[in-house]
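start02.pdb follows (PDB, C-alpha atoms):
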MODEL        1
ATOM      1  CA  MET E  28     -74.750 -36.645 133.297
ATOM      2  CA  SER E  29     -71.158 -37.621 133.596
ATOM      3  CA  ALA E  30     -68.444 -36.589 131.144
ATOM      4  CA  ALA E  31     -67.884 -40.177 130.047
ATOM      5  CA  VAL E  32     -71.491 -40.602 128.977
ATOM      6  CA  MET E  33     -71.420 -37.340 127.018
ATOM      7  CA  SER E  34     -68.207 -38.303 125.268
ATOM      8  CA  ALA E  35     -69.637 -41.668 124.241
ATOM      9  CA  ALA E  36     -72.782 -40.035 122.876
ATOM     10  CA  LEU E  37     -70.734 -37.533 120.896
ATOM     11  CA  ASP E  38     -68.563 -40.285 119.437
ATOM     12  CA  ALA E  39     -71.626 -42.238 118.399
ATOM     13  CA  LYS E  40     -73.131 -39.201 116.695
ATOM     14  CA  LEU E  41     -69.879 -38.414 114.851
ATOM     15  CA  GLN E  42     -69.649 -42.005 113.739
ATOM     16  CA  GLY E  43     -73.117 -41.771 112.265
ATOM     17  CA  VAL E  44     -72.252 -38.559 110.429
ATOM     18  CA  LEU E  45     -69.129 -40.184 108.963
ATOM     19  CA  GLU E  46     -71.103 -43.187 107.817
ATOM     20  CA  GLU E  47     -73.644 -40.948 106.110
ATOM     21  CA  LEU E  48     -70.900 -38.939 104.381
ATOM     22  CA  ARG E  49     -69.231 -42.139 103.170
ATOM     23  CA  ARG E  50     -72.507 -43.451 101.811
ATOM     24  CA  ARG E  51     -73.275 -40.210  99.931
ATOM     25  CA  GLN E  52     -69.706 -40.134  98.543
ATOM     26  CA  GLU E  53     -70.079 -43.638  97.174
ATOM     27  CA  GLU E  54     -73.417 -42.761  95.605
ATOM     28  CA  LEU E  55     -71.915 -39.639  94.001
ATOM     29  CA  LEU E  56     -68.948 -41.596  92.646
ATOM     30  CA  SER E  57     -71.279 -44.229  91.225
ATOM     31  CA  GLN E  58     -73.376 -41.571  89.496
ATOM     32  CA  VAL E  59     -70.247 -39.884  88.046
ATOM     33  CA  LYS E  60     -68.951 -43.244  86.850
ATOM     34  CA  GLU E  61     -72.231 -44.094  85.135
ATOM     35  CA  SER E  62     -72.310 -40.647  83.496
ATOM     36  CA  LEU E  63     -68.744 -40.997  82.231
ATOM     37  CA  GLN E  64     -69.500 -44.442  80.803
ATOM     38  CA  ARG E  65     -72.542 -43.077  78.960
ATOM     39  CA  HIS E  66     -70.440 -40.214  77.528
ATOM     40  CA  LEU E  67     -67.709 -42.647  76.459
ATOM     41  CA  LEU E  68     -70.244 -44.825  74.699
ATOM     42  CA  ASP E  69     -71.652 -41.787  72.889
ATOM     43  CA  VAL E  70     -68.161 -40.645  71.850
ATOM     44  CA  GLU E  71     -67.267 -44.120  70.599
ATOM     45  CA  ALA E  72     -70.465 -44.294  68.582
ATOM     46  CA  LYS E  73     -69.801 -40.874  67.037
ATOM     47  CA  LEU E  74     -66.172 -41.773  66.259
ATOM     48  CA  GLY E  75     -67.289 -45.017  64.655
ATOM     49  CA  GLY E  76     -69.675 -43.119  62.433
ATOM     50  CA  VAL E  77     -67.002 -40.584  61.469
ATOM     51  CA  ALA E  78     -64.458 -43.349  60.743
ATOM     52  CA  GLN E  79     -66.959 -45.253  58.628
ATOM     53  CA  ASP E  80     -67.825 -42.096  56.709
ATOM     54  CA  GLY E  81     -64.135 -41.262  56.215
ATOM     55  CA  ARG E  82     -63.391 -44.799  55.078
ATOM     56  CA  THR E  83     -66.239 -44.660  52.611
ATOM     57  CA  ARG E  84     -65.026 -41.334  51.217
ATOM     58  CA  LEU E  85     -61.433 -42.605  51.014
ATOM     59  CA  GLU E  86     -62.494 -45.735  49.166
ATOM     60  CA  ALA E  87     -64.556 -43.644  46.775
ATOM     61  CA  GLY E  88     -61.568 -41.304  46.182
ATOM     62  CA  LEU E  89     -59.217 -44.226  45.602
ATOM     63  CA  MET E  90     -61.660 -45.774  43.160
ATOM     64  CA  GLU E  91     -61.899 -42.504  41.237
ATOM     65  CA  LEU E  92     -58.100 -42.133  41.138
ATOM     66  CA  SER E  93     -57.770 -45.742  39.977
ATOM     67  CA  GLU E  94     -60.225 -45.118  37.155
ATOM     68  CA  GLN E  95     -58.377 -41.954  36.127
ATOM     69  CA  LEU E  96     -55.039 -43.793  36.198
ATOM     70  CA  GLU E  97     -56.457 -46.595  34.075
ATOM     71  CA  ASP E  98     -57.777 -44.027  31.600
ATOM     72  CA  ARG E  99     -54.306 -42.409  31.441
ATOM     73  CA  ARG E 100     -52.708 -45.806  30.907
ATOM     74  CA  ALA E 101     -55.141 -46.612  28.126
ATOM     75  CA  GLU E 102     -54.420 -43.256  26.482
ATOM     76  CA  GLY E 103     -50.664 -43.872  26.897
ATOM     77  CA  ARG E 104     -50.919 -47.333  25.339
ATOM     78  CA  SER E 105     -52.969 -45.966  22.477
ATOM     79  CA  ALA E 106     -50.490 -43.131  21.877
ATOM     80  CA  ALA E 107     -47.530 -45.518  22.104
ATOM     81  CA  ALA E 108     -49.177 -47.909  19.655
ATOM     82  CA  ASP E 109     -49.894 -45.034  17.271
ATOM     83  CA  LEU E 110     -46.292 -43.839  17.590
ATOM     84  CA  SER E 111     -45.035 -47.378  16.951
ATOM     85  CA  ARG E 112     -47.208 -47.625  13.834
ATOM     86  CA  ARG E 113     -45.884 -44.327  12.552
ATOM     87  CA  VAL E 114     -42.288 -45.389  13.195
ATOM     88  CA  GLY E 115     -42.948 -48.692  11.427
ATOM     89  CA  THR E 116     -44.442 -46.859   8.446
ATOM     90  CA  LEU E 117     -41.414 -44.540   8.260
ATOM     91  CA  GLU E 118     -39.039 -47.526   8.455
ATOM     92  CA  VAL E 119     -40.895 -49.257   5.605
ATOM     93  CA  GLN E 120     -40.761 -46.085   3.506
ATOM     94  CA  ASN E 121     -37.071 -45.657   4.291
ATOM     95  CA  ALA E 122     -36.357 -49.268   3.280
ATOM     96  CA  LYS E 123     -38.213 -48.773   0.007
ATOM     97  CA  LEU E 124     -36.249 -45.598  -0.749
ATOM     98  CA  LEU E 125     -32.972 -47.377   0.040
ATOM     99  CA  ASP E 126     -33.932 -50.256  -2.266
ATOM    100  CA  LYS E 127     -34.775 -47.809  -5.047
ATOM    101  CA  TRP E 128     -31.530 -45.910  -4.533
ATOM    102  CA  SER E 129     -29.510 -49.163  -4.527
ATOM    103  CA  SER E 130     -31.182 -50.302  -7.737
ATOM    104  CA  VAL E 131     -30.416 -46.944  -9.339
ATOM    105  CA  GLN E 132     -26.743 -47.184  -8.295
ATOM    106  CA  LEU E 133     -26.438 -50.753  -9.634
ATOM    107  CA  THR E 134     -28.168 -50.019 -12.942
ATOM    108  CA  PRO E 135     -25.562 -49.232 -15.661
ATOM    109  CA  PRO E 136     -26.202 -46.148 -17.771
ATOM    110  CA  THR E 137     -27.941 -46.869 -21.048
ATOM    111  CA  ALA E 138     -26.059 -46.150 -24.228
ATOM    112  CA  PRO E 139     -27.503 -43.248 -26.232
ATOM    113  CA  CYS E 140     -29.415 -44.223 -29.324
ATOM    114  CA  PRO E 141     -28.631 -41.980 -32.297
ATOM    115  CA  GLU E 142     -31.847 -42.897 -34.050
ATOM    116  CA  ALA E 143     -33.972 -41.841 -31.116
ATOM    117  CA  SER E 144     -32.044 -38.712 -30.243
ATOM    118  CA  ALA E 145     -34.745 -36.508 -31.614
ATOM    119  CA  GLY E 146     -37.504 -38.246 -29.689
ATOM    120  CA  PRO E 147     -38.335 -38.103 -25.982
ATOM    121  CA  ALA E 148     -35.843 -39.594 -23.555
ATOM    122  CA  PRO E 149     -36.952 -43.171 -22.672
ATOM    123  CA  HIS E 150     -35.405 -43.051 -19.153
ATOM    124  CA  ARG E 151     -36.088 -39.562 -17.868
ATOM    125  CA  LEU E 152     -35.174 -38.981 -14.203
ATOM    126  CA  THR E 153     -38.090 -38.287 -11.917
ATOM    127  CA  PRO E 154     -37.942 -35.089  -9.826
ATOM    128  CA  GLU E 155     -37.651 -37.174  -6.612
ATOM    129  CA  LEU E 156     -34.715 -39.174  -7.972
ATOM    130  CA  ARG E 157     -33.022 -36.030  -9.242
ATOM    131  CA  VAL E 158     -33.307 -34.400  -5.793
ATOM    132  CA  ALA E 159     -31.961 -37.564  -4.123
ATOM    133  CA  MET E 160     -28.954 -37.666  -6.470
ATOM    134  CA  GLU E 161     -28.214 -33.979  -5.930
ATOM    135  CA  THR E 162     -28.401 -34.449  -2.154
ATOM    136  CA  TRP E 163     -26.043 -37.444  -2.311
ATOM    137  CA  PHE E 164     -23.573 -35.518  -4.463
ATOM    138  CA  LYS E 165     -23.636 -32.509  -2.105
ATOM    139  CA  GLU E 166     -22.959 -34.758   0.906
ATOM    140  CA  ARG E 167     -19.998 -36.366  -0.870
ATOM    141  CA  MET E 168     -18.616 -32.928  -1.728
ATOM    142  CA  LYS E 169     -18.995 -31.782   1.913
ATOM    143  CA  GLU E 170     -17.126 -34.899   3.048
ATOM    144  CA  ARG E 171     -14.346 -34.191   0.539
ATOM    145  CA  ASP E 172     -14.123 -30.555   1.652
ATOM    146  CA  ALA E 173     -13.921 -31.646   5.300
ATOM    147  CA  VAL E 174     -11.006 -33.959   4.485
ATOM    148  CA  LEU E 175      -9.229 -31.190   2.637
ATOM    149  CA  LEU E 176      -9.828 -28.704   5.454
ATOM    150  CA  ALA E 177      -8.631 -31.138   8.126
ATOM    151  CA  SER E 178      -5.414 -31.822   6.204
ATOM    152  CA  GLY E 179      -4.753 -28.102   5.677
ATOM    153  CA  GLY E 180      -4.956 -28.515   1.921
ATOM    154  CA  ARG E 181      -1.882 -30.765   1.915
ATOM    155  CA  CYS E 182      -3.749 -34.011   1.238
ATOM    156  CA  SER E 183      -2.826 -35.166  -2.235
ATOM    157  CA  ASP E 184      -4.985 -38.303  -2.043
ATOM    158  CA  LEU E 185      -8.594 -37.233  -2.349
ATOM    159  CA  GLY E 186      -9.740 -40.815  -1.887
ATOM    160  CA  GLY E 187      -9.725 -40.462   1.897
ATOM    161  CA  PRO E 188      -7.381 -41.262   4.776
ATOM    162  CA  ALA E 189      -5.032 -44.228   4.828
ATOM    163  CA  ALA E 190      -7.375 -46.145   7.139
ATOM    164  CA  ASP E 191      -9.945 -46.309   4.313
ATOM    165  CA  ARG E 192      -7.451 -48.334   2.280
ATOM    166  CA  MET E 193      -6.924 -50.958   4.998
ATOM    167  CA  ALA E 194      -9.303 -53.693   6.091
ATOM    168  CA  ASP E 195     -11.185 -52.894   9.294
ATOM    169  CA  PHE E 196     -11.559 -56.035  11.412
ATOM    170  CA  ALA E 197     -13.622 -54.111  14.014
ATOM    171  CA  LEU E 198     -16.468 -53.485  11.552
ATOM    172  CA  GLU E 199     -19.881 -54.784  12.614
ATOM    173  CA  THR E 200     -21.108 -55.541   9.089
ATOM    174  CA  GLN E 201     -18.019 -57.724   8.638
ATOM    175  CA  GLY E 202     -18.782 -59.791  11.732
ATOM    176  CA  ALA E 203     -17.270 -57.840  14.630
ATOM    177  CA  SER E 204     -19.302 -57.289  17.810
ATOM    178  CA  VAL E 205     -19.124 -55.390  21.091
ATOM    179  CA  ILE E 206     -18.751 -57.253  24.397
ATOM    180  CA  SER E 207     -21.213 -54.994  26.188
ATOM    181  CA  THR E 208     -20.690 -56.595  29.605
ATOM    182  CA  ARG E 209     -17.092 -55.317  29.623
ATOM    183  CA  CYS E 210     -17.792 -51.788  28.399
ATOM    184  CA  SER E 211     -18.184 -48.634  30.453
ATOM    185  CA  GLU E 212     -21.633 -47.321  31.292
ATOM    186  CA  THR E 213     -23.247 -45.307  28.510
ATOM    187  CA  TYR E 214     -23.858 -41.613  29.204
ATOM    188  CA  ARG E 215     -27.537 -40.731  28.824
ATOM    189  CA  SER E 216     -28.804 -37.202  28.354
ATOM    190  CA  ARG E 217     -31.546 -36.121  30.781
ATOM    191  CA  SER E 218     -33.526 -34.259  28.122
ATOM    192  CA  ALA E 219     -36.216 -36.576  26.783
ATOM    193  CA  CYS E 220     -37.005 -36.547  23.073
ATOM    194  CA  VAL E 221     -40.403 -38.241  23.479
ATOM    195  CA  SER E 222     -42.765 -37.661  26.403
ATOM    196  CA  LEU E 223     -46.413 -38.443  27.078
ATOM    197  CA  PHE E 224     -48.507 -36.288  29.453
ATOM    198  CA  GLY E 225     -45.257 -34.875  30.806
ATOM    199  CA  VAL E 226     -43.844 -38.346  31.499
ATOM    200  CA  PRO E 227     -40.562 -39.003  29.621
ATOM    201  CA  LEU E 228     -40.743 -42.132  27.476
ATOM    202  CA  TRP E 229     -37.376 -42.160  25.682
ATOM    203  CA  TYR E 230     -33.989 -40.538  26.249
ATOM    204  CA  PRO E 231     -31.634 -40.221  23.259
ATOM    205  CA  TYR E 232     -28.362 -42.114  23.447
ATOM    206  CA  GLU E 233     -26.066 -44.198  21.246
ATOM    207  CA  SER E 234     -24.899 -47.665  22.293
ATOM    208  CA  PRO E 235     -21.252 -48.854  22.040
ATOM    209  CA  ARG E 236     -22.210 -50.550  18.743
ATOM    210  CA  THR E 237     -22.120 -47.095  17.117
ATOM    211  CA  VAL E 238     -18.306 -47.210  17.304
ATOM    212  CA  ILE E 239     -18.066 -50.266  14.997
ATOM    213  CA  GLN E 240     -20.931 -49.581  12.586
ATOM    214  CA  GLY E 241     -18.702 -47.692  10.137
ATOM    215  CA  HIS E 242     -20.822 -44.639   9.383
ATOM    216  CA  PRO E 243     -19.290 -43.015   6.283
ATOM    217  CA  VAL E 244     -20.073 -39.480   7.491
ATOM    218  CA  LEU E 245     -19.503 -38.414  11.089
ATOM    219  CA  LEU E 246     -22.404 -36.318  12.342
ATOM    220  CA  PRO E 247     -22.457 -34.345  15.629
ATOM    221  CA  GLY E 248     -23.813 -36.536  18.408
ATOM    222  CA  LYS E 249     -23.690 -39.776  16.375
ATOM    223  CA  CYS E 250     -21.203 -41.351  18.787
ATOM    224  CA  TRP E 251     -20.935 -43.505  21.889
ATOM    225  CA  ALA E 252     -20.537 -41.391  25.027
ATOM    226  CA  PHE E 253     -19.487 -42.642  28.448
ATOM    227  CA  HIS E 254     -19.340 -40.885  31.817
ATOM    228  CA  GLY E 255     -16.216 -38.929  32.727
ATOM    229  CA  VAL E 256     -12.815 -39.146  31.051
ATOM    230  CA  ARG E 257     -11.902 -42.819  31.580
ATOM    231  CA  GLY E 258     -13.733 -45.559  29.722
ATOM    232  CA  THR E 259     -13.364 -49.043  28.275
ATOM    233  CA  LEU E 260     -14.631 -50.636  25.053
ATOM    234  CA  VAL E 261     -14.080 -54.339  24.265
ATOM    235  CA  ILE E 262     -14.564 -55.565  20.667
ATOM    236  CA  SER E 263     -14.667 -59.115  19.359
ATOM    237  CA  LEU E 264     -12.960 -58.872  15.956
ATOM    238  CA  SER E 265     -14.459 -60.352  12.826
ATOM    239  CA  HIS E 266     -11.332 -62.556  12.370
ATOM    240  CA  PRO E 267      -8.336 -63.502  14.516
ATOM    241  CA  ILE E 268      -5.525 -61.286  13.171
ATOM    242  CA  ARG E 269      -2.016 -60.010  13.751
ATOM    243  CA  ILE E 270      -2.723 -56.390  14.631
ATOM    244  CA  SER E 271      -0.499 -53.779  12.990
ATOM    245  CA  HIS E 272      -2.472 -50.484  13.206
ATOM    246  CA  VAL E 273      -5.459 -48.945  14.979
ATOM    247  CA  THR E 274      -7.509 -45.928  13.888
ATOM    248  CA  LEU E 275      -9.541 -43.482  15.965
ATOM    249  CA  ASP E 276     -12.091 -41.216  14.261
ATOM    250  CA  HIS E 277     -13.708 -38.105  15.731
ATOM    251  CA  LEU E 278     -15.925 -35.283  14.507
ATOM    252  CA  PRO E 279     -13.958 -32.627  12.592
ATOM    253  CA  ARG E 280     -13.620 -29.395  14.528
ATOM    254  CA  CYS E 281     -15.215 -27.480  11.637
ATOM    255  CA  ASN E 282     -18.401 -29.572  11.974
ATOM    256  CA  SER E 283     -18.741 -29.017  15.728
ATOM    257  CA  PRO E 284     -21.477 -26.486  16.622
ATOM    258  CA  THR E 285     -19.186 -24.971  19.281
ATOM    259  CA  GLY E 286     -16.013 -25.115  17.204
ATOM    260  CA  ARG E 287     -14.441 -27.350  19.909
ATOM    261  CA  ILE E 288     -13.972 -31.097  20.279
ATOM    262  CA  ASP E 289     -13.034 -31.221  23.960
ATOM    263  CA  SER E 290     -15.049 -34.453  24.374
ATOM    264  CA  ALA E 291     -12.642 -36.266  22.031
ATOM    265  CA  PRO E 292     -10.345 -38.925  23.557
ATOM    266  CA  LYS E 293      -6.782 -37.779  24.133
ATOM    267  CA  ASP E 294      -4.562 -40.468  25.671
ATOM    268  CA  PHE E 295      -5.611 -44.074  25.166
ATOM    269  CA  GLU E 296      -4.211 -47.605  25.291
ATOM    270  CA  VAL E 297      -4.978 -50.673  23.204
ATOM    271  CA  TYR E 298      -4.869 -54.232  24.545
ATOM    272  CA  GLY E 299      -5.074 -57.504  22.628
ATOM    273  CA  MET E 300      -6.650 -60.723  23.927
ATOM    274  CA  LYS E 301      -6.940 -64.269  22.613
ATOM    275  CA  ASN E 302     -10.287 -64.730  24.394
ATOM    276  CA  ASP E 303     -12.390 -62.992  27.042
ATOM    277  CA  THR E 304     -11.078 -65.151  29.910
ATOM    278  CA  VAL E 305      -7.474 -63.928  29.858
ATOM    279  CA  GLU E 306      -5.854 -60.612  30.676
ATOM    280  CA  GLY E 307      -5.091 -58.354  27.745
ATOM    281  CA  THR E 308      -1.607 -57.669  26.427
ATOM    282  CA  LEU E 309      -0.685 -54.001  26.046
ATOM    283  CA  LEU E 310      -0.142 -53.307  22.349
ATOM    284  CA  GLY E 311       0.610 -49.596  22.684
ATOM    285  CA  GLY E 312      -0.327 -46.234  24.121
ATOM    286  CA  PHE E 313      -1.292 -43.388  21.786
ATOM    287  CA  THR E 314      -2.495 -39.774  21.776
ATOM    288  CA  TYR E 315      -5.254 -38.419  19.549
ATOM    289  CA  ASP E 316      -4.368 -34.905  18.332
ATOM    290  CA  GLN E 317      -7.386 -32.581  18.451
ATOM    291  CA  ASN E 318      -5.663 -30.303  15.948
ATOM    292  CA  GLY E 319      -4.981 -33.156  13.522
ATOM    293  CA  PRO E 320      -7.205 -34.776  10.900
ATOM    294  CA  PRO E 321     -10.467 -36.335  12.096
ATOM    295  CA  THR E 322      -9.239 -39.832  11.177
ATOM    296  CA  GLN E 323      -5.896 -40.689  12.798
ATOM    297  CA  THR E 324      -4.136 -44.038  12.303
ATOM    298  CA  PHE E 325      -1.488 -45.298  14.742
ATOM    299  CA  GLN E 326       1.032 -48.036  14.087
ATOM    300  CA  LEU E 327       1.815 -50.427  16.915
ATOM    301  CA  PRO E 328       5.275 -49.539  18.298
ATOM    302  CA  ASN E 329       6.407 -53.153  18.733
ATOM    303  CA  PRO E 330       4.233 -55.586  16.750
ATOM    304  CA  SER E 331       4.719 -59.031  18.264
ATOM    305  CA  GLY E 332       3.071 -61.070  15.556
ATOM    306  CA  ALA E 333       0.716 -62.642  18.099
ATOM    307  CA  VAL E 334      -2.797 -63.463  16.949
ATOM    308  CA  HIS E 335      -5.592 -61.702  18.827
ATOM    309  CA  ARG E 336      -9.315 -62.314  18.751
ATOM    310  CA  LEU E 337     -10.446 -59.433  20.973
ATOM    311  CA  VAL E 338      -9.288 -55.837  21.368
ATOM    312  CA  GLU E 339      -9.795 -53.543  24.351
ATOM    313  CA  LEU E 340      -9.736 -49.758  23.963
ATOM    314  CA  ARG E 341      -8.973 -47.930  27.219
ATOM    315  CA  VAL E 342      -9.473 -44.166  27.100
ATOM    316  CA  LEU E 343      -7.386 -42.507  29.803
ATOM    317  CA  THR E 344      -8.046 -38.779  29.223
ATOM    318  CA  ASN E 345      -9.960 -36.460  26.933
ATOM    319  CA  TRP E 346      -9.410 -32.901  25.734
ATOM    320  CA  GLY E 347     -11.153 -31.147  28.623
ATOM    321  CA  HIS E 348     -14.797 -32.217  28.862
ATOM    322  CA  VAL E 349     -15.437 -33.265  32.474
ATOM    323  CA  GLU E 350     -18.935 -34.717  32.050
ATOM    324  CA  TYR E 351     -18.461 -37.263  29.256
ATOM    325  CA  THR E 352     -16.161 -38.511  26.480
ATOM    326  CA  CYS E 353     -17.306 -39.372  22.935
ATOM    327  CA  VAL E 354     -15.971 -42.126  20.663
ATOM    328  CA  TYR E 355     -17.208 -41.886  17.082
ATOM    329  CA  ARG E 356     -15.369 -44.801  15.467
ATOM    330  CA  PHE E 357     -12.540 -47.191  16.310
ATOM    331  CA  ARG E 358     -10.886 -49.419  13.707
ATOM    332  CA  VAL E 359      -8.425 -52.295  13.968
ATOM    333  CA  HIS E 360      -6.124 -53.226  11.073
ATOM    334  CA  GLY E 361      -3.817 -56.149  10.493
ATOM    335  CA  GLN E 362      -3.389 -59.415   8.624
ATOM    336  CA  ILE E 363      -5.161 -62.751   8.909
ATOM    337  CA  PRO E 364      -2.514 -65.415   9.686
ATOM    338  CA  PRO E 365      -2.103 -68.177   7.110
ATOM    339  CA  THR E 366      -3.914 -71.376   7.930
TER     340      THR E 366
ENDMDL
END
Would you kindly transcribe this structure into structure tokens?
Amino acid sequence: MSAAVMSAALDAKLQGVLEELRRRQEELLSQVKESLQRHLLDVEAKLGGVAQDGRTRLEAGLMELSEQLEDRRAEGRSAAADLSRRVGTLEVQNAKLLDKWSSVQLTPPTAPCPEASAGPAPHRLTPELRVAMETWFKERMKERDAVLLASGGRCSDLGGPAADRMADFALETQGASVISTRCSETYRSRSACVSLFGVPLWYPYESPRTVIQGHPVLLPGKCWAFHGVRGTLVISLSHPIRISHVTLDHLPRCNSPTGRIDSAPKDFEVYGMKNDTVEGTLLGGFTYDQNGPPTQTFQLPNPSGAVHRLVELRVLTNWGHVEYTCVYRFRVHGQIPPT
């Protein structure tokens, strides 16, 4: 046999082996592919079951949380309604007591009757009324002592400061009001007085109206506080007037729990305006003395005689408190121009 014939036979045999190997490789790849597809289908089915189960559990958990939240809301509404009812009841009781006290003040004392002096008193004071009168008298005496202490015992007029003998045209009960849109932001304490289930419902604070409500006795914390040392308060006066004096009141140092009044205004300016669309006219700059009396009246340095309808108080500094400044009361004095 020649070499050419042997070479051709060998090539043919190798070609057959290669074809067989290729066929078996394709069969093996097809089997692996089918197996992988079956595994993928199984995994997808299992994942679908797990996802459905997880979704079901999540929906059940959300439903339970929603029911609990609704229960908490219902309890909160019930507690708030109960609190509102209690506050309303206290307000009604307070109004009744004020009416009784006003009627007692307005009722003139009855003249003693000699013929009935030996008999029982026809108008005997009840224990509640007696306690109320004693409390009122003690408060008036404390106020008088505070005035005497603030003036160093040199005050010969026990009727009060000079500002009490001048009309206050920045008094709310007389018709004055605060232009709240032009006032500084009110400082709010972060300690809640009322909370429900740990959720704060109400933070204590006083609005700018406190400054013009004319409280006869200045109590610690009964003031309007604003952030920082610079603040603005705009008041619509009860009448258009020619301004002659302004008065700034603050808590007496002796009534302060810390013995300091570093939140009191120090340097301030007063501006007068005819209406709220024009720029204010500077009427004067003043300094509140922390070592002076609690009520300090300042006369305008150069009264122009102009008639002003609004007044702007601009506090520039205080006596050292960096967090907030307190204004207890601000008064405006003057004369109504003749018509």
For region 203-210 of chain E, please output as a ChimeraX atom specification all residues within 8 Å (counting only C-alpha atoms; exclusion window: fewer than 4 positions along the same chain). /E:196-199,235-236,239,258-266
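Across the model, the gap from CA of Ile268 (chain E) to CA of Val334 (chain E) is 5.1 Å.
Across E:Val32, E:Met300, E:Val349, E:Leu278, the tightest approach to Pro321 (chain E) is made by E:Leu278 when counting only C-alpha atoms.
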Could you list as an MDAnalysis selection string every residue that has an atom within 7 Å of (-15.3, -35.0, 23.6), using the file's coordinates and counting all atoms listed in the file? chainID E and resid 288:292 345:346 348 351:353
Students should find that CA of Gly312 (chain E) and CA of Lys249 (chain E) are spaced 25.4 Å
Since I can't run it myself right now, could you work out what the PyMOL selection byres ((chain E and resi 360) around 7) selects here and report it as a PDB file with C-alpha atoms, keeping the file's coordinate frame?
ATOM      1  CA  MET E 193      -6.924 -50.958   4.998  1.00  0.00           C
ATOM      2  CA  ALA E 194      -9.303 -53.693   6.091  1.00  0.00           C
ATOM      3  CA  ASP E 195     -11.185 -52.894   9.294  1.00  0.00           C
ATOM      4  CA  PHE E 196     -11.559 -56.035  11.412  1.00  0.00           C
ATOM      5  CA  ILE E 270      -2.723 -56.390  14.631  1.00  0.00           C
ATOM      6  CA  SER E 271      -0.499 -53.779  12.990  1.00  0.00           C
ATOM      7  CA  HIS E 272      -2.472 -50.484  13.206  1.00  0.00           C
ATOM      8  CA  VAL E 273      -5.459 -48.945  14.979  1.00  0.00           C
ATOM      9  CA  ARG E 358     -10.886 -49.419  13.707  1.00  0.00           C
ATOM     10  CA  VAL E 359      -8.425 -52.295  13.968  1.00  0.00           C
ATOM     11  CA  GLY E 361      -3.817 -56.149  10.493  1.00  0.00           C
TER      12      GLY E 361
END
Answer key for the PyMOL selection byres ((chain E and resi 298) around 6), residues as a PyMOL selection string: chain E and resi 297+299+307-310+338-339
Here is a test: counting all atoms listed in the file, which residue of E:Pro284, E:Gln52, E:Leu45, E:Gln326 is nearest to Ala189 (chain E)?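 Ranked by minimum distance to Ala189 (chain E), first place goes to E:Gln326.
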How many Å lie between CA of Leu125 (chain E) and CA of Leu156 (chain E), rounded to one decimal?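 Going from CA of Leu125 (chain E) over to CA of Leu156 (chain E) covers 11.6 Å.
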Since I can't run it myself right now, could you work out what the PyMOL selection byres ((chain E and resi 329) around 8) selects here and report it as number ranges by chain? E: 310-311, 327-328, 330-331
Of the residues E:Thr274, E:Gly255, E:Met90, E:Arg336, which is the one nearest to Thr314 (chain E), using all atoms listed in the file? E:Thr274
Can you fill out region 187-195 of chain E with N, CA, C and O atoms and hand it back as a compact mmCIF listing (two decimals), in the coordinates of the input?
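The resulting file, selection.txt, is reproduced below:
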# COMPACT_ATOMS: atom_id res chain seq x y z
N GLY E 187 -9.46 -40.28 0.48
CA GLY E 187 -9.72 -40.46 1.90
C GLY E 187 -8.46 -40.79 2.65
O GLY E 187 -7.36 -40.92 2.10
N PRO E 188 -8.55 -40.95 3.96
CA PRO E 188 -7.38 -41.26 4.78
C PRO E 188 -6.86 -42.66 4.51
O PRO E 188 -7.52 -43.49 3.89
N ALA E 189 -5.66 -42.93 5.06
CA ALA E 189 -5.03 -44.23 4.83
C ALA E 189 -5.86 -45.36 5.42
O ALA E 189 -5.85 -46.48 4.91
N ALA E 190 -6.58 -45.09 6.51
CA ALA E 190 -7.38 -46.14 7.14
C ALA E 190 -8.45 -46.68 6.21
O ALA E 190 -8.86 -47.84 6.33
N ASP E 191 -8.93 -45.85 5.25
CA ASP E 191 -9.94 -46.31 4.31
C ASP E 191 -9.39 -47.29 3.30
O ASP E 191 -10.16 -47.94 2.58
N ARG E 192 -8.07 -47.39 3.22
CA ARG E 192 -7.45 -48.33 2.28
C ARG E 192 -6.90 -49.56 2.99
O ARG E 192 -6.12 -50.32 2.41
N MET E 193 -7.30 -49.76 4.25
CA MET E 193 -6.92 -50.96 5.00
C MET E 193 -8.18 -51.64 5.52
O MET E 193 -9.16 -50.97 5.85
N ALA E 194 -8.15 -52.95 5.58
CA ALA E 194 -9.30 -53.69 6.09
C ALA E 194 -9.54 -53.36 7.56
O ALA E 194 -8.60 -53.25 8.34
N ASP E 195 -10.80 -53.18 7.91
CA ASP E 195 -11.18 -52.89 9.29
C ASP E 195 -11.80 -54.15 9.88
O ASP E 195 -12.93 -54.53 9.55
